[in-house]
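*Asks:* Below: one structure in structure tokens.
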Amino acid sequence: QLQLVESGGGLVQPGGSLRLSCAASGFSLDYYAIGWFRQAPGKEREGVSCISGPDGSTYYADSVKGRFTISRDNAKNMLYLQMNNLKPEETAVYYCAAGPGGITPIQHICEMPRLADFWGQGTQVTVSS
């Protein structure tokens, strides 16, 4: 059974940090384009950061560059998103997702979430004082 399970969300003050985790099972992240997406109430789902399983190339949305870091642990089949200096407008449900490993450049899957085949259930991130 192919599954993605996110964790690590929660309530954080503006300027704070969170680390999201995504556990993959039933398939190897090595062969997929994988990434983090978010959806705020009333807004479309948007790509935050993505990483290529085959070559490790990364992409970040302009709004998170310099503050967020995507990483993966191949041995554990895990994906992570370190988020620093969080802003209230980044309150959203954060999802990890995987798509075909042949997607290149990797920004394509971030810019077109419909390309992803598998989605986790999401984890809520709330940035508020």
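In the structure tokens, each chain is lettered A, B, ... as it comes, each chain's residues begin at 1, and ligands are numbered from 1 in order of appearance.
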Can you list, as a VMD selection string, every protein, DNA or RNA residue that comes within 10 Å of Leu86 (chain A) when you count only C-alpha atoms, leaving out same-chain residues fewer than 2 positions away?

*Replies:* chain A and resid 12 to 18 64 67 to 68 83 to 84 88 to 91 125 to 128

*Asks:* Could you build a table of the residues in region 56-85 of chain A lying no more than 7 Å from region 105-116 of chain A, giving for each the nearest pair of atoms and their separation in Å rounded to one decimal place, using only C-alpha atoms, ordered by chain and ascending residue number, as a tab-separated table?

*Replies:*
residue	atom	partner	partner_atom	distance
A:Ser57	CA	A:Ile106	CA	6.9
A:Thr58	CA	A:Ile106	CA	6.6
A:Tyr59	CA	A:Gln107	CA	5.4

*Asks:* Have a look at A:Ile34, A:Leu29, A:Ala40, A:Leu20 and name the one nearest to Gly8 (chain A); count only C-alpha atoms.

*Replies:*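 Residue with the minimum atom-to-atom distance to Gly8 (chain A): A:Leu20.
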
*Asks:* Quick one: distance from CA of Ile70 (chain A) to CA of Val48 (chain A) in Å, one decimal?

*Replies:*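 Interatomic distance, CA of Ile70 (chain A) to CA of Val48 (chain A): 9.4 Å.
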
*Asks:* Between A:Leu81, A:Leu4, A:Ile103, A:Val93, which has the minimum distance to Pro54 (chain A) (counting only C-alpha atoms)?

*Replies:* A:Ile103

*Asks:* Could you tell me how far CA of Gly122 (chain A) lies from CA of Asp73 (chain A), in Å and to one decimal?

*Replies:*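 These atoms are spaced 19.6 Å apart.
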
*Asks:* Provide the CA of Lys65 (chain A) to CA of Ser49 (chain A) distance in Å, to one decimal place.

*Replies:*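 Atom-to-atom, CA of Lys65 (chain A) and CA of Ser49 (chain A) are spaced 9.1 Å apart.
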
*Asks:* Could you write out, as a VMD selection string, all the residues of region 12-121 of chain A that DSSP marks as alpha helix (DSSP H)?

*Replies:* chain A and resid 107 to 111

*Asks:* Hey, what does DSSP flag as strand (DSSP E) within region 21-73 of chain A? Can you give it to me as a list in words?

*Replies:* Ser21, Cys22, Ala23, Ala24, Ser25, Tyr32, Ala33, Ile34, Gly35, Trp36, Phe37, Arg38, Gln39, Glu46, Gly47, Val48, Ser49, Cys50, Ile51, Ser52, Thr58, Tyr59, Tyr60, Phe68, Thr69, Ile70, Ser71, Arg72 and Asp73 of chain A

*Asks:* I'd like the contact shell of Gly35 (chain A) - 6 Å cut-off, only C-alpha atoms, skipping same-chain residues fewer than 2 positions apart - returned as a ChimeraX atom specification.

*Replies:* /A:49-51,96-97

*Asks:* Residues as selected, N, CA, C and O atoms, written as a PDB file, in the first residue's frame, can you do that?

*Replies:*
ATOM      1  N   SER A  49       8.110  23.618  -1.742  1.00  0.00           N
ATOM      2  CA  SER A  49       9.460  23.178  -2.057  1.00  0.00           C
ATOM      3  C   SER A  49       9.391  21.747  -2.543  1.00  0.00           C
ATOM      4  O   SER A  49       8.608  20.947  -2.025  1.00  0.00           O
ATOM      5  N   CYS A  50      10.221  21.428  -3.533  1.00  0.00           N
ATOM      6  CA  CYS A  50      10.230  20.093  -4.107  1.00  0.00           C
ATOM      7  C   CYS A  50      11.659  19.618  -4.321  1.00  0.00           C
ATOM      8  O   CYS A  50      12.586  20.433  -4.454  1.00  0.00           O
ATOM      9  N   ILE A  51      11.822  18.301  -4.342  1.00  0.00           N
ATOM     10  CA  ILE A  51      13.139  17.719  -4.524  1.00  0.00           C
ATOM     11  C   ILE A  51      13.021  16.493  -5.424  1.00  0.00           C
ATOM     12  O   ILE A  51      12.064  15.726  -5.321  1.00  0.00           O
ATOM     13  N   CYS A  96       2.629  16.563   1.983  1.00  0.00           N
ATOM     14  CA  CYS A  96       3.695  16.055   1.137  1.00  0.00           C
ATOM     15  C   CYS A  96       3.058  15.226   0.037  1.00  0.00           C
ATOM     16  O   CYS A  96       1.968  14.662   0.213  1.00  0.00           O
ATOM     17  N   ALA A  97       3.732  15.189  -1.097  1.00  0.00           N
ATOM     18  CA  ALA A  97       3.195  14.488  -2.258  1.00  0.00           C
ATOM     19  C   ALA A  97       4.337  13.974  -3.118  1.00  0.00           C
ATOM     20  O   ALA A  97       5.452  14.501  -3.078  1.00  0.00           O
TER      21      ALA A  97
END
